[in-house]
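Colleague: Enclosed is the structure file input-v8.txt (compact mmCIF, C-alpha atoms).
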# COMPACT_ATOMS: atom_id res chain seq x y z
CA MET B 1061 77.99 158.22 89.22
CA LYS B 1062 76.81 154.60 89.46
CA LYS B 1063 76.69 154.49 85.68
CA ALA B 1064 80.27 155.82 85.42
CA LEU B 1065 81.47 153.26 87.98
CA ALA B 1066 79.74 150.44 86.14
CA LEU B 1067 81.33 151.60 82.87
CA ALA B 1068 84.73 151.76 84.51
CA LEU B 1069 84.33 148.26 85.92
CA VAL B 1070 83.36 146.94 82.52
CA ALA B 1071 86.19 148.82 80.80
CA LEU B 1072 88.89 147.72 83.25
CA PRO B 1073 88.69 143.97 82.72
CA LEU B 1074 88.43 144.55 78.98
CA SER B 1075 91.67 146.52 78.91
CA VAL B 1076 93.38 143.86 81.01
CA ILE B 1077 92.07 141.10 78.74
CA ALA B 1078 93.28 143.00 75.67
CA ALA B 1079 96.82 143.09 77.09
CA GLU B 1080 96.84 139.39 78.00
CA PRO B 1081 97.77 136.89 75.32
CA PRO B 1082 95.35 133.98 74.82
CA ALA B 1083 96.19 131.00 77.01
CA HIS B 1084 95.75 128.67 74.06
CA ILE B 1085 95.95 128.97 70.29
CA ASP B 1086 94.98 126.52 67.59
CA VAL B 1087 98.32 125.75 65.97
CA SER B 1088 96.55 124.08 63.05
CA LYS B 1089 94.95 127.44 62.22
CA LEU B 1090 98.01 129.61 62.39
CA PRO B 1091 98.40 132.39 59.83
CA SER B 1092 98.64 131.09 56.27
CA PRO B 1093 102.06 129.99 55.02
CA THR B 1094 102.72 133.43 53.55
CA LYS B 1095 102.44 134.81 57.06
CA MET B 1096 104.68 132.10 58.53
CA ILE B 1097 108.36 132.82 58.62
CA ASP B 1098 110.32 130.13 56.84
CA ASP B 1099 113.64 131.47 58.01
CA VAL B 1100 114.66 128.98 60.67
CA VAL B 1101 117.38 130.08 63.05
CA VAL B 1102 119.49 126.96 63.57
CA PRO B 1103 120.68 126.67 67.20
CA VAL B 1104 124.43 126.84 67.73
CA PRO B 1105 125.98 123.70 69.28
CA SER B 1106 126.75 125.56 72.52
CA GLU B 1107 123.01 126.01 73.07
CA ILE B 1108 122.72 122.22 73.39
CA PHE B 1109 126.14 121.52 74.93
CA GLY B 1110 125.32 123.95 77.75
CA VAL B 1111 122.38 121.75 78.77
CA LEU B 1112 124.64 118.68 78.84
CA ASP B 1113 127.04 120.60 81.08
CA LYS B 1114 124.13 121.22 83.48
CA ILE B 1115 123.06 117.55 83.44
CA GLY B 1116 126.53 116.10 84.09
CA ARG B 1117 130.21 116.52 83.39
CA PRO B 1118 130.73 115.38 79.82
CA ASN B 1119 134.23 114.50 78.72
CA TRP B 1120 134.40 116.89 75.77
CA VAL B 1121 138.01 116.00 74.98
CA SER B 1122 136.91 112.45 74.16
CA VAL B 1123 134.41 113.65 71.51
CA GLN B 1124 136.83 116.02 69.76
CA ARG B 1125 137.97 115.20 66.25
CA PRO B 1126 141.48 116.66 66.54
CA ILE B 1127 142.56 118.91 63.69
CA ASN B 1128 146.33 118.58 63.35
CA ALA B 1129 146.85 120.92 60.41
CA VAL B 1130 144.88 123.69 58.75
CA VAL B 1131 141.94 122.03 56.98
CA GLN B 1132 142.31 122.35 53.21
CA PRO B 1133 139.28 122.65 50.94
CA THR B 1134 138.38 119.43 49.16
CA GLY B 1135 135.97 118.76 46.31
CA GLU B 1136 133.30 121.08 44.95
CA SER B 1137 131.64 123.98 46.73
CA PRO B 1138 128.83 121.91 48.42
CA GLN B 1139 131.49 119.75 50.10
CA ILE B 1140 133.53 122.80 51.13
CA ALA B 1141 130.38 124.40 52.58
CA LEU B 1142 129.60 121.24 54.59
CA MET B 1143 133.25 121.11 55.73
CA LEU B 1144 133.12 124.73 56.85
CA GLY B 1145 130.00 124.08 58.94
CA SER B 1146 131.52 121.00 60.55
CA VAL B 1147 134.78 122.84 61.34
CA ILE B 1148 132.83 125.68 63.02
CA ALA B 1149 130.94 123.07 65.08
CA GLU B 1150 134.32 121.53 65.98
CA GLY B 1151 135.23 124.98 67.29
CA PHE B 1152 132.30 124.88 69.73
CA ILE B 1153 133.42 121.42 70.91
CA ALA B 1154 137.00 122.68 71.35
CA VAL B 1155 135.62 125.53 73.47
CA GLU B 1156 133.79 123.02 75.68
CA ALA B 1157 137.08 121.10 75.96
CA GLU B 1158 138.86 124.44 76.64
CA ASP B 1159 141.44 123.48 74.02
CA ALA B 1160 143.05 126.75 72.92
CA ASN B 1161 145.42 125.13 70.39
CA GLN B 1162 142.54 123.41 68.62
CA VAL B 1163 140.49 126.61 68.58
CA LYS B 1164 143.41 128.45 66.94
CA GLN B 1165 143.80 125.69 64.35
CA ILE B 1166 140.05 125.91 63.73
CA GLY B 1167 140.22 129.71 63.28
CA LYS B 1168 142.80 129.23 60.50
CA SER B 1169 140.80 126.37 58.98
CA VAL B 1170 137.64 128.51 58.89
CA LEU B 1171 139.51 131.06 56.78
CA SER B 1172 141.01 128.35 54.56
CA LEU B 1173 137.53 126.96 53.78
CA ALA B 1174 135.69 130.29 53.57
CA THR B 1175 138.04 131.69 50.90
CA PRO B 1176 137.10 129.33 48.02
CA LEU B 1177 133.43 129.92 48.88
CA GLY B 1178 133.93 133.64 48.21
CA VAL B 1179 133.48 134.76 51.82
CA GLY B 1180 137.12 134.81 52.92
CA ALA B 1181 137.39 138.59 53.18
CA GLU B 1182 134.33 138.82 55.43
CA VAL B 1183 135.45 135.93 57.64
CA LYS B 1184 139.10 137.04 57.99
CA LYS B 1185 138.36 139.40 60.89
CA ARG B 1186 136.32 136.74 62.68
CA ALA B 1187 139.05 134.10 62.18
CA GLN B 1188 141.58 136.48 63.75
CA ALA B 1189 139.20 137.27 66.62
CA ILE B 1190 138.73 133.53 67.26
CA THR B 1191 142.53 133.08 67.47
CA ASP B 1192 142.97 136.17 69.69
CA ALA B 1193 140.20 135.07 72.08
CA ALA B 1194 141.66 131.53 72.22
CA ASP B 1195 145.04 133.00 73.19
CA LYS B 1196 143.34 134.71 76.13
CA LYS B 1197 141.23 131.59 76.86
CA ASP B 1198 138.23 133.90 76.62
CA TRP B 1199 135.71 131.13 75.84
CA PRO B 1200 132.53 133.26 75.76
CA SER B 1201 134.21 135.48 73.12
CA VAL B 1202 135.26 132.45 71.06
CA ARG B 1203 131.64 131.21 71.11
CA LYS B 1204 130.41 134.66 70.08
CA GLU B 1205 132.90 134.86 67.19
CA LEU B 1206 132.04 131.34 65.98
CA ASP B 1207 128.34 132.26 66.00
CA GLY B 1208 129.19 135.54 64.26
CA THR B 1209 131.13 133.63 61.60
CA LEU B 1210 128.03 131.57 60.81
CA ASP B 1211 125.94 134.73 60.60
CA ASP B 1212 128.48 136.56 58.39
CA VAL B 1213 128.75 133.59 56.04
CA LYS B 1214 124.94 133.42 55.76
CA LYS B 1215 124.56 137.15 55.07
CA VAL B 1216 127.33 137.30 52.47
CA MET B 1217 126.17 134.13 50.72
CA VAL B 1218 122.62 135.48 50.49
CA LYS B 1219 124.05 138.64 48.89
CA LEU B 1220 126.09 136.49 46.48
CA ASN B 1221 122.96 134.52 45.59
CA SER B 1222 124.52 131.43 47.21
CA GLU B 1223 121.90 130.87 49.89
CA SER B 1224 121.91 127.13 49.15
CA LEU B 1225 125.55 126.93 50.13
CA SER B 1226 124.89 128.84 53.35
CA GLN B 1227 122.29 126.20 54.24
CA LEU B 1228 124.87 123.49 53.62
CA VAL B 1229 127.19 125.33 56.04
CA SER B 1230 124.42 125.20 58.68
CA LEU B 1231 123.76 121.55 57.89
CA GLY B 1232 127.44 120.59 58.17
CA GLY B 1233 127.51 122.23 61.60
CA TRP B 1234 124.33 120.48 62.67
CA ILE B 1235 125.63 117.06 61.60
CA ARG B 1236 128.90 117.47 63.53
CA GLY B 1237 127.05 118.92 66.54
CA THR B 1238 124.64 115.98 66.50
CA GLU B 1239 127.49 113.49 66.22
CA ALA B 1240 129.11 115.03 69.32
CA LEU B 1241 125.79 115.21 71.18
CA THR B 1242 125.01 111.53 70.53
CA ALA B 1243 128.56 110.55 71.53
CA VAL B 1244 128.13 112.31 74.89
CA VAL B 1245 124.58 111.06 75.50
CA GLY B 1246 125.53 107.53 74.42
CA LYS B 1247 128.32 107.38 77.02
CA GLY B 1248 125.94 108.06 79.91
CA TYR B 1249 122.40 107.58 78.61
CA THR B 1250 119.63 109.53 80.33
CA LYS B 1251 116.16 110.35 79.02
CA ASP B 1252 116.81 114.06 79.59
CA GLY B 1253 120.02 113.92 77.56
CA ALA B 1254 118.38 111.95 74.75
CA GLU B 1255 115.44 114.37 74.66
CA LEU B 1256 117.86 117.02 73.33
CA LEU B 1257 117.84 115.09 70.07
CA HIS B 1258 114.14 115.76 69.54
CA GLN B 1259 114.52 118.47 66.87
CA PRO B 1260 111.60 118.19 64.42
CA VAL B 1261 111.76 121.85 63.31
CA LEU B 1262 115.36 121.52 62.22
CA LEU B 1263 114.94 118.18 60.48
CA ASP B 1264 111.91 119.48 58.57
CA TYR B 1265 113.85 122.60 57.63
CA PHE B 1266 116.92 120.71 56.40
CA GLU B 1267 114.76 118.24 54.46
CA ARG B 1268 112.91 121.13 52.82
CA ARG B 1269 116.10 122.97 51.97
CA LEU B 1270 117.87 119.91 50.58
CA SER B 1271 114.90 119.11 48.35
CA THR B 1272 114.90 122.62 46.89
CA LEU B 1273 118.64 122.90 46.27
CA LYS B 1274 119.83 124.00 42.84
CA PRO B 1275 119.99 120.94 40.52
CA LYS B 1276 123.76 121.27 40.18
CA TYR B 1277 124.16 120.93 43.97
CA LYS B 1278 121.51 118.22 44.27
CA ALA B 1279 123.41 116.08 41.78
CA ASN B 1280 126.52 116.17 43.98
CA PRO B 1281 127.01 112.60 45.37
CA LEU B 1282 127.91 113.93 48.83
CA VAL B 1283 124.72 116.02 48.98
CA THR B 1284 122.72 112.93 47.94
CA ARG B 1285 124.35 110.98 50.76
CA VAL B 1286 123.63 113.74 53.28
CA GLN B 1287 120.00 113.92 52.13
CA LYS B 1288 119.68 110.13 52.61
CA GLY B 1289 121.28 110.40 56.06
CA ILE B 1290 118.81 113.09 57.17
CA LEU B 1291 115.91 110.89 56.07
CA GLU B 1292 117.35 107.96 58.04
CA VAL B 1293 117.85 110.06 61.16
CA ARG B 1294 114.34 111.60 61.07
CA PRO B 1295 112.34 108.65 62.58
CA LEU B 1296 115.05 107.97 65.16
CA MET B 1297 114.71 111.48 66.60
CA GLY B 1298 111.06 110.99 67.57
CA LEU B 1299 108.24 111.58 65.11
CA THR B 1300 105.79 112.74 67.77
CA GLU B 1301 106.20 115.38 70.48
CA ASP B 1302 106.14 112.87 73.36
CA ALA B 1303 108.24 110.18 71.71
CA GLU B 1304 111.11 108.92 73.84
CA ILE B 1305 114.46 108.51 72.13
CA SER B 1306 115.96 105.16 73.12
CA GLU B 1307 119.60 104.39 73.82
CA LYS B 1308 119.60 102.25 70.67
CA SER B 1309 118.35 105.20 68.58
CA VAL B 1310 121.04 107.46 70.07
CA GLY B 1311 123.66 104.93 68.98
CA GLU B 1312 122.14 104.66 65.52
CA ILE B 1313 122.05 108.45 65.06
CA ASN B 1314 125.69 108.59 66.15
CA ARG B 1315 126.63 105.96 63.56
CA ILE B 1316 124.80 107.78 60.75
CA THR B 1317 126.19 111.23 61.59
CA SER B 1318 129.74 109.82 62.09
CA ASP B 1319 129.59 108.24 58.63
CA LEU B 1320 128.39 111.54 57.17
CA ILE B 1321 131.20 113.49 58.83
CA LYS B 1322 133.74 110.99 57.48
CA SER B 1323 132.28 111.48 53.98
CA ILE B 1324 132.28 115.27 54.35
CA ASN B 1325 135.97 115.25 55.25
CA SER B 1326 136.95 112.62 52.73
CA LYS B 1327 138.87 113.39 49.53
CA ALA B 1328 136.66 110.91 47.71
CA PRO B 1329 133.25 111.25 49.35
CA MET C 1160 128.20 158.50 29.19
CA LYS C 1161 124.65 158.96 27.91
CA ARG C 1162 124.64 155.25 27.09
CA PHE C 1163 125.08 154.41 30.78
CA ALA C 1164 122.62 156.95 32.13
CA PRO C 1165 119.61 154.56 32.20
CA LEU C 1166 121.73 151.89 33.89
CA VAL C 1167 122.94 154.36 36.51
CA LEU C 1168 119.34 155.49 37.08
CA VAL C 1169 118.13 151.89 37.51
CA LEU C 1170 120.96 151.12 39.94
CA LEU C 1171 120.20 154.30 41.87
CA LEU C 1172 116.50 153.45 42.09
CA LEU C 1173 117.32 149.88 43.13
CA SER C 1174 119.65 151.08 45.83
CA LEU C 1175 117.06 153.58 47.03
CA GLY C 1176 114.41 150.84 47.07
CA ALA C 1177 116.53 148.29 48.92
CA GLY C 1178 118.25 150.70 51.29
CA PRO C 1179 115.49 151.94 53.58
CA ALA C 1180 113.92 148.49 54.11
CA ARG C 1181 117.22 146.95 55.17
CA ALA C 1182 118.03 150.02 57.23
CA THR C 1183 114.76 149.93 59.12
CA ILE C 1184 115.02 146.22 59.91
CA ASP C 1185 118.56 146.91 61.12
CA ASP C 1186 117.21 149.82 63.20
CA ALA C 1187 114.56 147.51 64.65
CA LEU C 1188 117.31 145.00 65.45
CA SER C 1189 119.28 147.70 67.26
CA PHE C 1190 116.28 148.20 69.55
CA ALA C 1191 115.88 144.43 70.06
CA LEU C 1192 119.54 144.20 71.05
CA GLU C 1193 119.17 147.23 73.32
CA ALA C 1194 116.38 145.35 75.10
CA ALA C 1195 118.72 142.34 75.38
CA ASP C 1196 121.58 144.29 76.91
CA PRO C 1197 120.61 144.05 80.62
CA TYR C 1198 120.11 140.29 80.26
CA VAL C 1199 123.62 139.77 78.90
CA LYS C 1200 124.83 140.92 82.32
CA GLU C 1201 122.67 138.15 83.79
CA GLY C 1202 124.58 135.58 81.74
CA PHE C 1203 122.40 135.25 78.64
CA THR C 1204 124.22 134.53 75.37
CA VAL C 1205 122.61 136.54 72.57
CA ARG C 1206 122.54 134.86 69.16
CA GLU C 1207 123.90 136.77 66.18
CA ASP C 1208 121.13 135.45 63.90
CA TYR C 1209 117.65 137.00 64.12
CA TRP C 1210 114.28 137.32 62.38
CA GLY C 1211 112.83 140.49 60.92
CA GLY C 1212 110.32 142.01 58.56
CA ASP C 1213 107.46 144.48 58.39
CA LEU C 1214 103.84 144.03 59.39
CA PRO C 1215 100.55 145.93 59.04
CA VAL C 1216 98.71 146.79 62.27
CA LYS C 1217 96.78 143.91 63.90
CA THR C 1218 98.66 141.31 61.90
CA THR C 1219 100.61 138.47 63.46
CA LYS C 1220 103.44 136.34 62.21
CA ALA C 1221 104.31 132.90 63.50
CA ILE C 1222 107.84 131.61 63.75
CA VAL C 1223 108.49 127.95 64.56
CA HIS C 1224 111.60 127.57 66.64
CA GLN C 1225 113.49 124.76 68.34
CA LEU C 1226 113.97 125.11 72.11
CA PHE C 1227 115.85 122.83 74.49
CA LYS C 1228 114.69 121.79 77.98
CA GLY C 1229 117.37 122.77 80.47
CA ASN C 1230 117.91 126.23 78.96
CA GLU C 1231 116.17 129.47 79.78
CA TYR C 1232 115.35 131.79 76.85
CA TRP C 1233 114.50 135.44 76.37
CA PHE C 1234 113.08 136.69 73.06
CA TRP C 1235 113.47 140.43 72.46
CA MET C 1236 111.47 142.25 69.78
CA GLY C 1237 112.30 145.77 68.63
CA THR C 1238 110.88 148.37 66.28
CA ASP C 1239 112.18 151.74 65.11
CA GLN C 1240 108.63 153.20 65.42
CA LYS C 1241 108.37 154.61 68.95
CA ALA C 1242 104.59 155.04 68.77
CA ALA C 1243 104.06 151.41 67.81
CA LYS C 1244 102.88 148.80 70.30
CA ILE C 1245 104.38 145.42 69.52
CA SER C 1246 104.21 142.04 71.22
CA VAL C 1247 105.87 138.63 71.26
CA HIS C 1248 104.39 135.54 72.91
CA ILE C 1249 105.54 131.93 73.07
CA TYR C 1250 103.36 128.81 72.68
CA ASP C 1251 104.29 125.15 72.90
CA SER C 1252 103.61 122.63 70.14
CA ALA C 1253 100.12 121.97 71.53
CA GLY C 1254 99.27 125.68 71.37
CA ASN C 1255 99.48 126.36 75.11
CA LEU C 1256 100.96 129.66 76.27
CA ALA C 1257 104.43 128.61 77.43
CA GLU C 1258 106.08 131.85 78.52
CA ALA C 1259 107.00 132.52 82.14
CA GLU C 1260 106.66 136.30 81.67
CA SER C 1261 106.42 138.97 78.99
CA TRP C 1262 106.51 142.77 78.78
CA GLN C 1263 105.85 145.63 76.35
CA LYS C 1264 107.40 149.12 76.22
CA PRO C 1265 107.74 151.79 73.51
CA HIS C 1266 110.09 150.33 70.84
CA PHE C 1267 110.30 146.95 72.63
CA ALA C 1268 108.54 143.75 73.63
CA ALA C 1269 109.98 140.62 75.23
CA ALA C 1270 109.04 137.19 76.52
CA ARG C 1271 110.85 134.63 78.67
CA VAL C 1272 110.40 130.88 78.54
CA VAL C 1273 111.82 127.94 80.46
CA PRO C 1274 110.84 125.04 78.18
CA LYS C 1275 109.23 122.05 79.87
CA LYS C 1276 110.10 119.89 76.87
CA THR C 1277 112.66 119.92 74.08
CA GLY C 1278 110.94 120.50 70.75
CA SER C 1279 109.04 122.97 68.58
CA TYR C 1280 107.66 126.21 69.95
CA TYR C 1281 105.67 128.97 68.23
CA LEU C 1282 106.78 132.57 68.56
CA ILE C 1283 103.87 134.85 67.72
CA VAL C 1284 104.84 138.43 66.89
CA GLU C 1285 102.28 141.19 66.41
CA VAL C 1286 102.10 144.89 65.69
CA GLU C 1287 99.15 145.85 67.89
CA LYS C 1288 99.17 149.60 67.18
CA SER C 1289 101.19 151.85 64.89
CA PRO C 1290 100.82 155.15 63.05
CA ASP C 1291 102.56 153.53 60.05
CA GLU C 1292 100.90 151.42 57.42
CA ARG C 1293 103.61 148.80 57.87
CA THR C 1294 105.93 148.64 60.85
CA TYR C 1295 109.41 147.21 60.76
CA TRP C 1296 110.27 144.74 63.48
CA SER C 1297 113.09 142.45 64.47
CA LEU C 1298 113.32 139.55 66.92
CA ALA C 1299 116.51 138.38 68.62
CA TYR C 1300 116.95 135.73 71.27
CA GLY C 1301 119.32 134.66 73.97
CA PHE C 1302 119.79 131.62 76.19
CA LYS C 1303 121.53 130.52 79.36
Kindly present the structure from the file in structure tokens form.
Modeller:
Amino acid sequence: MKKALALALVALPLSVIAAEPPAHIDVSKLPSPTKMIDDVVVPVPSEIFGVLDKIGRPNWVSVQRPINAVVQPTGESPQIALMLGSVIAEGFIAVEAEDANQVKQIGKSVLSLATPLGVGAEVKKRAQAITDAADKKDWPSVRKELDGTLDDVKKVMVKLNSESLSQLVSLGGWIRGTEALTAVVGKGYTKDGAELLHQPVLLDYFERRLSTLKPKYKANPLVTRVQKGILEVRPLMGLTEDAEISEKSVGEINRITSDLIKSINSKAP
Amino acid sequence: MKRFAPLVLVLLLLSLGAGPARATIDDALSFALEAADPYVKEGFTVREDYWGGDLPVKTTKAIVHQLFKGNEYWFWMGTDQKAAKISVHIYDSAGNLAEAESWQKPHFAAARVVPKKTGSYYLIVEVEKSPDERTYWSLAYGFK
């Protein structure tokens, strides 16, 4: 009996230990790269904007880039992909500003830009859903449809062997989202707000993806400019985990991303 | 017609080869989203994008992911193999366990984190037990 009790006492902690994850892991000895997942899920702007809403009351209307007419595709496919991403990000900003007219204009623009990229048919339903939800001022649904648009574009482009373009869509969205984030943080600087810019995973991912783009896309002058911009932004966003991002850096990131957005939307980038 | 027979056969084999893998990851995703469902009612926004794959037993995969201080996150893992035991845990950039809670059930595992800092986090997924040689899994996340 004593032996059975002793065995049970030994077995019990072992089973508990087996169910508990280790309190610490050596991140330098993680599974080899083949066991690491390279597929980074890029946060949607609302994931970051929501934090700003908790910190204060940002004036989202003041950071909007109003779209007065349906955005028409300009330039070659890398530029259109970057434009599509930035327009989707604009949609998230319009939702924060609760601007139904802008959201509807953005829904139509998404379709206008998705069509020459070969994903118009897949996006059509989403574009309509964005417009319908905007009519009802159903902001959570608009956010969901904008996120779904990004996901649909990615899936279809992977199928069409255009994964590089789908990454440019993500990058265009990130650049516009970062421009808006720095505009808000710059207007009422706080360390907590600035900390939202510390995004090493995403910068590493975009750098990696830009460096492995197809040569024909890499040679595009706008892509070269974007690649240079990402490299400039990298040290400003804090190279180490505990690095503080200064007010000056926030301003500098805003200037770089604003210039990139102007180039993305320009007829002669 | 005979000329096209080999092509048809190749296409058929390709579709058979690609079909089940995609289907099982999608099945795993359905379970992950089923696990997410009660949390949507608590105000969590579930992302449309997700991770997925297949793993042998006792093998882990690490996913580096960006989290933002000020948000609360749930990560939901699903598998179509009911007899499998899967897990997901979250570590900060220094390798410290960062999750506030986690749970495991047949078909599902989940972990919640309230990040203390904005930055990189490691999501470690594992198939602890399974009758299959490789087990399909999927990981979705939500925030509020």
Colleague: Every residue with an atom at most 12 Å from (126.9, 117.5, 45.6) (file coordinates; all atoms listed in the file) is what I'm after, so could you write them as a ChimeraX atom specification?
Modeller: /B:1135-1142,1224-1225,1228,1270,1273-1287,1323-1324,1328-1329
Colleague: Which residue gives the smallest distance to Val1213 (chain B) among B:Lys1114, B:Lys1196, B:Arg1186, B:Lys1251, with only C-alpha atoms counted?
Modeller: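 Closest candidate: B:Arg1186.
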Colleague: To one decimal in Å, tell me the separation between CA of Phe1267 (chain C) and CA of Met1236 (chain C).
Modeller: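 Pair CA of Phe1267 (chain C) / CA of Met1236 (chain C) returns 5.6 Å.
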Colleague: CA of Pro1200 (chain B) and CA of Ser1106 (chain B) are how many Å apart?
Modeller: 10.2 Å
Colleague: Residues of chain C near chain B: apply a cut-off of 9 Å, count all atoms listed in the file, and supply the list as a PyMOL selection string.
Modeller: chain C and resi 1204-1210+1218-1230+1248+1250+1252-1257+1276-1281+1302-1303
Colleague: Hey, what's within 9 Å of Gln1188 (chain B) if we count all atoms listed in the file and toss same-chain stuff fewer than 3 positions away? As JSON, numbers by chain, please?
Modeller: {"B": [1164, 1167, 1168, 1183, 1184, 1185, 1191, 1192, 1193]}
Colleague: Between CA of Phe1234 (chain C) and CA of Glu1201 (chain C), what is the distance, to one decimal in Å?
Modeller: 14.5 Å
Colleague: Excluding Lys1244 (chain C) and residues on its chain fewer than 4 positions from it, collect all residues at most 9 Å away from it, counting only C-alpha atoms, and give them as a ChimeraX atom specification.
Modeller: /C:1238,1240,1263-1268,1285-1289
Colleague: Would you kindly identify which residues have an atom no farther than 9 Å from (118.3, 139.1, 80.9), using all atoms listed in the file and the file's own coordinates, and write them out as a ChimeraX atom specification?
Modeller: /C:1194-1203,1232-1233,1271,1301-1302
Colleague: Would you output that residue set with C-alpha atoms, as a JSON list (two decimals), in the frame of the given file?
Modeller:
[["chain", "number", "residue", "atom", "x", "y", "z"],
["C", 1194, "ALA", "CA", 116.38, 145.35, 75.10],
["C", 1195, "ALA", "CA", 118.72, 142.34, 75.38],
["C", 1196, "ASP", "CA", 121.58, 144.29, 76.91],
["C", 1197, "PRO", "CA", 120.61, 144.05, 80.62],
["C", 1198, "TYR", "CA", 120.11, 140.29, 80.26],
["C", 1199, "VAL", "CA", 123.62, 139.77, 78.90],
["C", 1200, "LYS", "CA", 124.83, 140.92, 82.32],
["C", 1201, "GLU", "CA", 122.67, 138.15, 83.79],
["C", 1202, "GLY", "CA", 124.58, 135.58, 81.74],
["C", 1203, "PHE", "CA", 122.40, 135.25, 78.64],
["C", 1232, "TYR", "CA", 115.35, 131.79, 76.85],
["C", 1233, "TRP", "CA", 114.50, 135.44, 76.37],
["C", 1271, "ARG", "CA", 110.85, 134.63, 78.67],
["C", 1301, "GLY", "CA", 119.32, 134.66, 73.97],
["C", 1302, "PHE", "CA", 119.79, 131.62, 76.19]]
Colleague: Fewer than 6 positions away in the same chain doesn't count, so skip those; otherwise give me all residues within 12 Å of Asn1119 (chain B), counting only C-alpha atoms, as a list of chain:residue names.
Modeller: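 Selected residues are B:Phe1109, B:Leu1112, B:Asp1113, B:Ile1153, B:Ala1154, B:Glu1156, B:Ala1157, B:Glu1158, B:Ala1240, B:Leu1241, B:Ala1243, B:Val1244, B:Val1245, B:Gly1246, B:Lys1247, B:Gly1248.
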Colleague: Starting from the incomplete input, reconstruct N, CA and C atoms of region 1097-1113 of chain B and report them as a compact mmCIF listing (two decimals), in the coordinates of the input.
Modeller:
# COMPACT_ATOMS: atom_id res chain seq x y z
N ILE B 1097 106.99 132.50 59.00
CA ILE B 1097 108.36 132.82 58.62
C ILE B 1097 109.09 131.50 58.38
N ASP B 1098 109.66 131.37 57.19
CA ASP B 1098 110.32 130.13 56.84
C ASP B 1098 111.79 130.15 57.25
N ASP B 1099 112.24 131.30 57.70
CA ASP B 1099 113.64 131.47 58.01
C ASP B 1099 113.93 130.89 59.40
N VAL B 1100 114.38 129.65 59.40
CA VAL B 1100 114.66 128.98 60.67
C VAL B 1100 116.04 129.41 61.17
N VAL B 1101 116.09 129.77 62.44
CA VAL B 1101 117.38 130.08 63.05
C VAL B 1101 117.89 128.76 63.67
N VAL B 1102 118.95 128.25 63.11
CA VAL B 1102 119.49 126.96 63.57
C VAL B 1102 120.28 127.20 64.87
N PRO B 1103 119.94 126.46 65.93
CA PRO B 1103 120.68 126.67 67.20
C PRO B 1103 122.17 126.39 67.03
N VAL B 1104 122.99 127.13 67.75
CA VAL B 1104 124.43 126.84 67.73
C VAL B 1104 124.68 125.66 68.68
N PRO B 1105 125.73 124.87 68.41
CA PRO B 1105 125.98 123.70 69.28
C PRO B 1105 126.05 124.05 70.77
N SER B 1106 126.58 125.24 71.10
CA SER B 1106 126.75 125.56 72.52
C SER B 1106 125.40 125.68 73.24
N GLU B 1107 124.35 125.92 72.48
CA GLU B 1107 123.01 126.01 73.07
C GLU B 1107 122.60 124.64 73.63
N ILE B 1108 123.05 123.59 72.97
CA ILE B 1108 122.72 122.22 73.39
C ILE B 1108 123.79 121.71 74.37
N PHE B 1109 125.05 122.00 74.07
CA PHE B 1109 126.14 121.52 74.93
C PHE B 1109 126.00 122.09 76.35
N GLY B 1110 125.51 123.31 76.44
CA GLY B 1110 125.32 123.95 77.75
C GLY B 1110 124.37 123.15 78.63
N VAL B 1111 123.34 122.57 78.00
CA VAL B 1111 122.38 121.75 78.77
C VAL B 1111 123.09 120.49 79.28
N LEU B 1112 123.91 119.89 78.42
CA LEU B 1112 124.64 118.68 78.84
C LEU B 1112 125.57 118.99 80.01
N ASP B 1113 126.16 120.19 79.97
CA ASP B 1113 127.04 120.60 81.08
C ASP B 1113 126.26 120.70 82.38
